[in-house]
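K.L.:
Structure incoming, see below.
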Amino acid sequence: GRMQVSYYKPVRVLPPPPYVTNDMGPRVISPDSTCEVNYDQQSLFQLGNQGIYQFFLPNDKLNALFLTNLGDHFPYIQSAEDMAPPLQYITTSEEYQNIIRKEDLKASIDNYWVKIGKDYDNARELIKVFYNRVLFANLYYSSDREGWKTDRGMIYILMGPPAMVKKTETREEWHYQSQNSRSHYRFEFMLESDPIKVYDFVLMRTEDHRNVWNAAVATWRNGRIFSL
């Protein structure tokens, strides 16, 4: 038989901060290429490039099979190339460009953490916590993109694990409670209806998130792990 294969390039764009509410809303994602292949029960198809592959019989996209190639190391953070991109959550664009332009990327990343951590021991602890959270996000929140690039991944990396999660099939509420009990923050996520984004939850953005988010970013940039 004949089967159609649509290919979508890897998602490069990161989610905007949780207080940015002027997003255009969901966009229809079109494949970067589509081809036809012969198939039978013995067929092998190699996912050569990173990205998403959608397999479907002609005129039957409702029963499509989605396979994702997120890289050789995924979900683990094993190289400097894996470590650099998540830094965009806590760096300015200028700082990030300075980091990734250096010839020795690993040394450049290490130097950044030592600079904000003030000493090697603290920098090591920051690195451990930050990238463990990136790994956790990859393991639990990946959809059409690595978990750290999703809304839930972004919140988890900077804010840490929520004190409580309320879940339904189409909605998640993450609750954070400050230790002195005076501050309570709630992040609400809704299931995205786009089939390409297989089980991705999108943050309901609001200006109310600005202060706590800026505090979280500033805390990391000052060499401390953020917690309420």
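Simple scheme: letters A, B, ... for chains in structure tokens order, numbers from 1 for residues in each chain, numbers from 1 for ligands in the order shown.
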Could you give me the residues within range 15-161 of chain A that DSSP places in alpha helix (DSSP H), as an MDAnalysis selection string?

P.N.:
chainID A and resid 80:83 93:101 105:117 120:141 151:159

K.L.:
With C-alpha atoms retained, could you export that selection as a PDB file, in the first residue's frame?

P.N.:
```pdb
ATOM      1  CA  ALA A  80      27.123  21.631  26.155  1.00  0.00           C
ATOM      2  CA  GLU A  81      24.760  21.846  23.170  1.00  0.00           C
ATOM      3  CA  ASP A  82      22.029  20.372  25.405  1.00  0.00           C
ATOM      4  CA  MET A  83      22.896  22.660  28.330  1.00  0.00           C
ATOM      5  CA  SER A  93      19.350  37.732  24.735  1.00  0.00           C
ATOM      6  CA  GLU A  94      22.706  39.550  24.726  1.00  0.00           C
ATOM      7  CA  GLU A  95      24.082  37.368  27.528  1.00  0.00           C
ATOM      8  CA  TYR A  96      22.883  34.231  25.784  1.00  0.00           C
ATOM      9  CA  GLN A  97      24.486  35.221  22.474  1.00  0.00           C
ATOM     10  CA  ASN A  98      27.749  35.914  24.295  1.00  0.00           C
ATOM     11  CA  ILE A  99      27.626  32.457  25.873  1.00  0.00           C
ATOM     12  CA  ILE A 100      26.970  30.506  22.677  1.00  0.00           C
ATOM     13  CA  ARG A 101      29.437  32.487  20.514  1.00  0.00           C
ATOM     14  CA  LEU A 105      30.843  26.276  24.733  1.00  0.00           C
ATOM     15  CA  LYS A 106      31.170  24.060  27.811  1.00  0.00           C
ATOM     16  CA  ALA A 107      33.666  26.444  29.446  1.00  0.00           C
ATOM     17  CA  SER A 108      31.466  29.388  28.513  1.00  0.00           C
ATOM     18  CA  ILE A 109      28.430  27.807  30.210  1.00  0.00           C
ATOM     19  CA  ASP A 110      30.449  26.849  33.293  1.00  0.00           C
ATOM     20  CA  ASN A 111      31.815  30.391  33.517  1.00  0.00           C
ATOM     21  CA  TYR A 112      28.307  31.813  33.431  1.00  0.00           C
ATOM     22  CA  TRP A 113      27.160  29.611  36.325  1.00  0.00           C
ATOM     23  CA  VAL A 114      30.289  30.411  38.371  1.00  0.00           C
ATOM     24  CA  LYS A 115      29.771  34.110  37.698  1.00  0.00           C
ATOM     25  CA  ILE A 116      26.178  34.132  38.990  1.00  0.00           C
ATOM     26  CA  GLY A 117      26.866  31.537  41.700  1.00  0.00           C
ATOM     27  CA  TYR A 120      32.294  26.782  42.408  1.00  0.00           C
ATOM     28  CA  ASP A 121      30.328  24.890  45.062  1.00  0.00           C
ATOM     29  CA  ASN A 122      27.263  27.058  44.710  1.00  0.00           C
ATOM     30  CA  ALA A 123      27.550  26.996  40.916  1.00  0.00           C
ATOM     31  CA  ARG A 124      27.666  23.189  41.030  1.00  0.00           C
ATOM     32  CA  GLU A 125      24.480  23.096  43.122  1.00  0.00           C
ATOM     33  CA  LEU A 126      22.716  25.542  40.783  1.00  0.00           C
ATOM     34  CA  ILE A 127      23.700  23.463  37.755  1.00  0.00           C
ATOM     35  CA  LYS A 128      22.528  20.248  39.406  1.00  0.00           C
ATOM     36  CA  VAL A 129      19.087  21.586  40.329  1.00  0.00           C
ATOM     37  CA  PHE A 130      18.521  23.536  37.106  1.00  0.00           C
ATOM     38  CA  TYR A 131      19.373  20.676  34.756  1.00  0.00           C
ATOM     39  CA  ASN A 132      17.610  18.041  36.864  1.00  0.00           C
ATOM     40  CA  ARG A 133      14.497  20.153  36.357  1.00  0.00           C
ATOM     41  CA  VAL A 134      15.174  20.323  32.607  1.00  0.00           C
ATOM     42  CA  LEU A 135      15.431  16.520  32.574  1.00  0.00           C
ATOM     43  CA  PHE A 136      12.213  16.166  34.585  1.00  0.00           C
ATOM     44  CA  ALA A 137      10.432  18.509  32.158  1.00  0.00           C
ATOM     45  CA  ASN A 138      11.675  16.442  29.210  1.00  0.00           C
ATOM     46  CA  LEU A 139      10.486  13.213  30.800  1.00  0.00           C
ATOM     47  CA  TYR A 140       7.007  14.405  31.754  1.00  0.00           C
ATOM     48  CA  TYR A 141       5.977  17.348  29.570  1.00  0.00           C
ATOM     49  CA  ASP A 151       4.702  26.039  29.227  1.00  0.00           C
ATOM     50  CA  ARG A 152       4.676  23.481  32.038  1.00  0.00           C
ATOM     51  CA  GLY A 153       8.387  22.856  31.571  1.00  0.00           C
ATOM     52  CA  MET A 154       9.186  26.565  31.736  1.00  0.00           C
ATOM     53  CA  ILE A 155       7.254  27.015  34.993  1.00  0.00           C
ATOM     54  CA  TYR A 156       8.720  23.856  36.530  1.00  0.00           C
ATOM     55  CA  ILE A 157      12.336  24.800  35.741  1.00  0.00           C
ATOM     56  CA  LEU A 158      12.209  28.262  37.285  1.00  0.00           C
ATOM     57  CA  MET A 159       9.569  27.836  39.995  1.00  0.00           C
TER      58      MET A 159
END
```

K.L.:
Against range 194-217 of chain A, which residues of range 11-110 of chain A fall within 7 Å? For each one I want the closest pair of atoms and the distance in Å (one decimal), counting only C-alpha atoms, rows by chain and increasing residue number, as a Markdown table.

P.N.:
```
| residue | atom | partner | partner_atom | distance |
| --- | --- | --- | --- | --- |
| A:Pro18 | CA | A:Arg205 | CA | 5.1 |
| A:Tyr19 | CA | A:Glu207 | CA | 4.5 |
| A:Val20 | CA | A:Arg205 | CA | 6.3 |
| A:Thr21 | CA | A:Arg205 | CA | 5.5 |
| A:Ile90 | CA | A:Val217 | CA | 5.6 |
```

K.L.:
For CA of Ser142 in chain A and CA of Pro86 in chain A, determine how far apart the two atoms are, in Å to one decimal place.

P.N.:
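According to the coordinates, CA of Ser142 in chain A and CA of Pro86 in chain A are separated by 14.3 Å.
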
K.L.:
Which value, in Å to one decimal, gives the distance between CA of Tyr39 in chain A and CA of Glu146 in chain A?

P.N.:
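So the answer is 28.9 Å.
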
K.L.:
Write out as number ranges by chain which residues come within 7 Å of range 161-163 of chain A when counting only C-alpha atoms, dropping same-chain ones fewer than 5 positions away.

P.N.:
A: 156, 174-177

K.L.:
Distance CA of Arg224 in chain A-CA of Gly160 in chain A, one decimal place?

P.N.:
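Between CA of Arg224 in chain A and CA of Gly160 in chain A the gap is 12.5 Å.
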
K.L.:
Enumerate as a ChimeraX atom specification all residues of range 33-192 of chain A assigned to strand (DSSP E) by DSSP on the backbone, naming them with the chain letters and numbers the document uses.

P.N.:
/A:33-38,51-56,65-69,164-167,171-177,184-191

K.L.:
For N, CA, C and O atoms, I'd like the residues from the last selection saved as a short mmCIF file (atom, residue, chain, number, x, y, z; two decimals), in the first residue's frame.

P.N.:
```cif
data_model
loop_
_atom_site.label_atom_id
_atom_site.label_comp_id
_atom_site.auth_asym_id
_atom_site.auth_seq_id
_atom_site.Cartn_x
_atom_site.Cartn_y
_atom_site.Cartn_z
N SER A 33 7.24 19.37 4.78
CA SER A 33 7.26 18.55 3.57
C SER A 33 6.33 17.36 3.74
O SER A 33 6.02 16.96 4.86
N THR A 34 5.86 16.82 2.64
CA THR A 34 5.01 15.63 2.65
C THR A 34 5.43 14.75 1.48
O THR A 34 5.71 15.25 0.38
N CYS A 35 5.50 13.45 1.75
CA CYS A 35 5.85 12.53 0.67
C CYS A 35 5.02 11.25 0.82
O CYS A 35 4.36 11.04 1.84
N GLU A 36 5.06 10.43 -0.19
CA GLU A 36 4.38 9.13 -0.15
C GLU A 36 5.42 8.03 -0.10
O GLU A 36 6.48 8.12 -0.73
N VAL A 37 5.15 6.99 0.68
CA VAL A 37 6.06 5.85 0.77
C VAL A 37 5.25 4.56 0.61
O VAL A 37 4.05 4.52 0.92
N ASN A 38 5.91 3.54 0.13
CA ASN A 38 5.30 2.22 0.09
C ASN A 38 5.41 1.61 1.47
O ASN A 38 6.39 1.83 2.19
N GLY A 51 12.62 16.23 14.52
CA GLY A 51 11.33 16.84 14.20
C GLY A 51 10.21 15.84 14.39
O GLY A 51 10.38 14.80 15.03
N ILE A 52 9.05 16.14 13.81
CA ILE A 52 7.87 15.29 13.96
C ILE A 52 7.52 14.67 12.61
O ILE A 52 7.54 15.36 11.57
N TYR A 53 7.18 13.40 12.65
CA TYR A 53 6.74 12.68 11.47
C TYR A 53 5.30 12.22 11.68
O TYR A 53 4.98 11.61 12.70
N GLN A 54 4.45 12.54 10.72
CA GLN A 54 3.04 12.18 10.79
C GLN A 54 2.76 11.17 9.67
O GLN A 54 2.91 11.47 8.48
N PHE A 55 2.37 9.96 10.05
CA PHE A 55 2.08 8.91 9.08
C PHE A 55 0.56 8.75 8.97
O PHE A 55 -0.13 8.61 9.99
N PHE A 56 0.04 8.75 7.74
CA PHE A 56 -1.39 8.54 7.58
C PHE A 56 -1.68 7.99 6.19
O PHE A 56 -0.94 8.22 5.23
N LEU A 65 -0.50 8.54 12.76
CA LEU A 65 0.49 8.13 13.76
C LEU A 65 1.57 9.21 13.80
O LEU A 65 2.11 9.59 12.77
N PHE A 66 1.86 9.71 15.00
CA PHE A 66 2.90 10.73 15.16
C PHE A 66 4.12 10.11 15.83
O PHE A 66 4.00 9.47 16.88
N LEU A 67 5.28 10.31 15.22
CA LEU A 67 6.54 9.88 15.83
C LEU A 67 7.47 11.10 15.88
O LEU A 67 7.51 11.90 14.94
N THR A 68 8.19 11.23 16.97
CA THR A 68 9.03 12.41 17.17
C THR A 68 10.48 12.00 17.38
O THR A 68 10.77 11.10 18.16
N ASN A 69 11.38 12.68 16.68
CA ASN A 69 12.82 12.52 16.89
C ASN A 69 13.33 13.80 17.53
O ASN A 69 13.39 14.85 16.90
N MET A 164 0.96 21.75 45.14
CA MET A 164 -0.22 20.94 44.88
C MET A 164 -0.59 21.08 43.41
O MET A 164 -0.44 22.15 42.81
N VAL A 165 -1.07 19.97 42.82
CA VAL A 165 -1.55 19.99 41.44
C VAL A 165 -2.97 19.44 41.42
O VAL A 165 -3.23 18.36 41.97
N LYS A 166 -3.88 20.18 40.80
CA LYS A 166 -5.25 19.69 40.57
C LYS A 166 -5.38 19.39 39.08
O LYS A 166 -5.08 20.24 38.25
N LYS A 167 -5.85 18.18 38.76
CA LYS A 167 -5.87 17.77 37.37
C LYS A 167 -7.24 17.24 36.95
O LYS A 167 -7.91 16.55 37.72
N ARG A 171 -7.41 19.95 31.98
CA ARG A 171 -6.96 21.13 32.73
C ARG A 171 -6.03 20.74 33.86
O ARG A 171 -6.19 19.69 34.48
N GLU A 172 -5.05 21.58 34.14
CA GLU A 172 -4.18 21.41 35.30
C GLU A 172 -4.06 22.74 36.03
O GLU A 172 -3.93 23.79 35.39
N GLU A 173 -4.10 22.68 37.34
CA GLU A 173 -3.83 23.85 38.18
C GLU A 173 -2.61 23.53 39.05
O GLU A 173 -2.61 22.54 39.76
N TRP A 174 -1.61 24.40 38.96
CA TRP A 174 -0.43 24.25 39.82
C TRP A 174 -0.49 25.32 40.90
O TRP A 174 -0.61 26.51 40.59
N HIS A 175 -0.40 24.89 42.16
CA HIS A 175 -0.49 25.82 43.28
C HIS A 175 0.87 25.90 43.99
O HIS A 175 1.46 24.88 44.33
N TYR A 176 1.32 27.12 44.20
CA TYR A 176 2.55 27.39 44.95
C TYR A 176 2.18 28.21 46.18
O TYR A 176 1.44 29.19 46.08
N GLN A 177 2.71 27.80 47.32
CA GLN A 177 2.40 28.47 48.58
C GLN A 177 3.71 28.93 49.21
O GLN A 177 4.64 28.14 49.36
N HIS A 184 0.13 33.10 47.70
CA HIS A 184 -0.33 31.89 47.03
C HIS A 184 -0.42 32.19 45.55
O HIS A 184 -1.02 33.19 45.14
N TYR A 185 0.21 31.35 44.73
CA TYR A 185 0.20 31.56 43.29
C TYR A 185 -0.38 30.34 42.61
O TYR A 185 -0.09 29.21 42.97
N ARG A 186 -1.20 30.62 41.58
CA ARG A 186 -1.84 29.52 40.85
C ARG A 186 -1.56 29.70 39.36
O ARG A 186 -1.76 30.79 38.81
N PHE A 187 -1.06 28.65 38.74
CA PHE A 187 -0.87 28.63 37.30
C PHE A 187 -1.87 27.64 36.71
O PHE A 187 -1.93 26.49 37.15
N GLU A 188 -2.62 28.09 35.71
CA GLU A 188 -3.65 27.24 35.12
C GLU A 188 -3.26 26.89 33.69
O GLU A 188 -2.89 27.76 32.90
N PHE A 189 -3.34 25.61 33.37
CA PHE A 189 -2.98 25.11 32.03
C PHE A 189 -4.19 24.40 31.42
O PHE A 189 -4.89 23.66 32.11
N MET A 190 -4.41 24.62 30.12
CA MET A 190 -5.50 23.96 29.41
C MET A 190 -4.94 23.08 28.30
O MET A 190 -3.96 23.45 27.63
N LEU A 191 -5.56 21.94 28.09
CA LEU A 191 -5.11 21.02 27.06
C LEU A 191 -5.24 21.65 25.68
O LEU A 191 -6.30 22.17 25.32
#
```

K.L.:
Taking only C-alpha atoms into account, which of A:Asn49, A:Leu44, A:Tyr8, A:Glu103 comes nearest Gly71 in chain A?

P.N.:
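Ranking A:Asn49, A:Leu44, A:Tyr8, A:Glu103 by distance to Gly71 in chain A, first place goes to A:Asn49.
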
K.L.:
Between A:Glu192, A:Leu57, A:Asn22, A:Tyr76, single out the one closest to Thr170 in chain A, counting only C-alpha atoms.

P.N.:
A:Glu192

K.L.:
May I have the residues within 7 Å of Pro58 in chain A as a PDB file with N, CA and C atoms, in the first residue's frame, using only C-alpha atoms and disregarding those fewer than 2 positions away in the same chain?

P.N.:
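See part_8.pdb below for the written result:
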```pdb
ATOM      1  N   MET A   3       1.451   5.103   1.788  1.00  0.00           N
ATOM      2  CA  MET A   3       1.216   5.879   2.986  1.00  0.00           C
ATOM      3  C   MET A   3       1.853   7.256   2.810  1.00  0.00           C
ATOM      4  N   GLN A   4       1.192   8.272   3.341  1.00  0.00           N
ATOM      5  CA  GLN A   4       1.753   9.615   3.286  1.00  0.00           C
ATOM      6  C   GLN A   4       2.489   9.931   4.587  1.00  0.00           C
ATOM      7  N   PHE A  56       0.043   8.747   7.743  1.00  0.00           N
ATOM      8  CA  PHE A  56      -1.393   8.538   7.584  1.00  0.00           C
ATOM      9  C   PHE A  56      -1.683   7.988   6.190  1.00  0.00           C
ATOM     10  N   ASP A  60      -6.979  10.152   5.267  1.00  0.00           N
ATOM     11  CA  ASP A  60      -7.397   9.658   6.597  1.00  0.00           C
ATOM     12  C   ASP A  60      -6.472  10.211   7.675  1.00  0.00           C
TER      13      ASP A  60
END
```

K.L.:
A:Asn180, A:Tyr7, A:Asn63, A:Leu87: which is nearest Arg221 in chain A, counting only C-alpha atoms?

P.N.:
A:Leu87

K.L.:
Which neighbours of Ser178 in chain A fall inside 8 Å, counting only C-alpha atoms, when residues of the same chain fewer than 5 positions from it are skipped, and could you give them as a ChimeraX atom specification?

P.N.:
/A:183-184,227-228

K.L.:
With C-alpha atoms retained, could you export that selection as a short mmCIF file (atom, residue, chain, number, x, y, z; two decimals), in the first residue's frame?

P.N.:
```cif
data_model
loop_
_atom_site.label_atom_id
_atom_site.label_comp_id
_atom_site.auth_asym_id
_atom_site.auth_seq_id
_atom_site.Cartn_x
_atom_site.Cartn_y
_atom_site.Cartn_z
CA SER A 183 1.50 34.41 49.16
CA HIS A 184 -0.33 31.89 47.03
CA SER A 227 11.49 28.89 46.11
CA LEU A 228 8.54 30.58 47.71
#
```
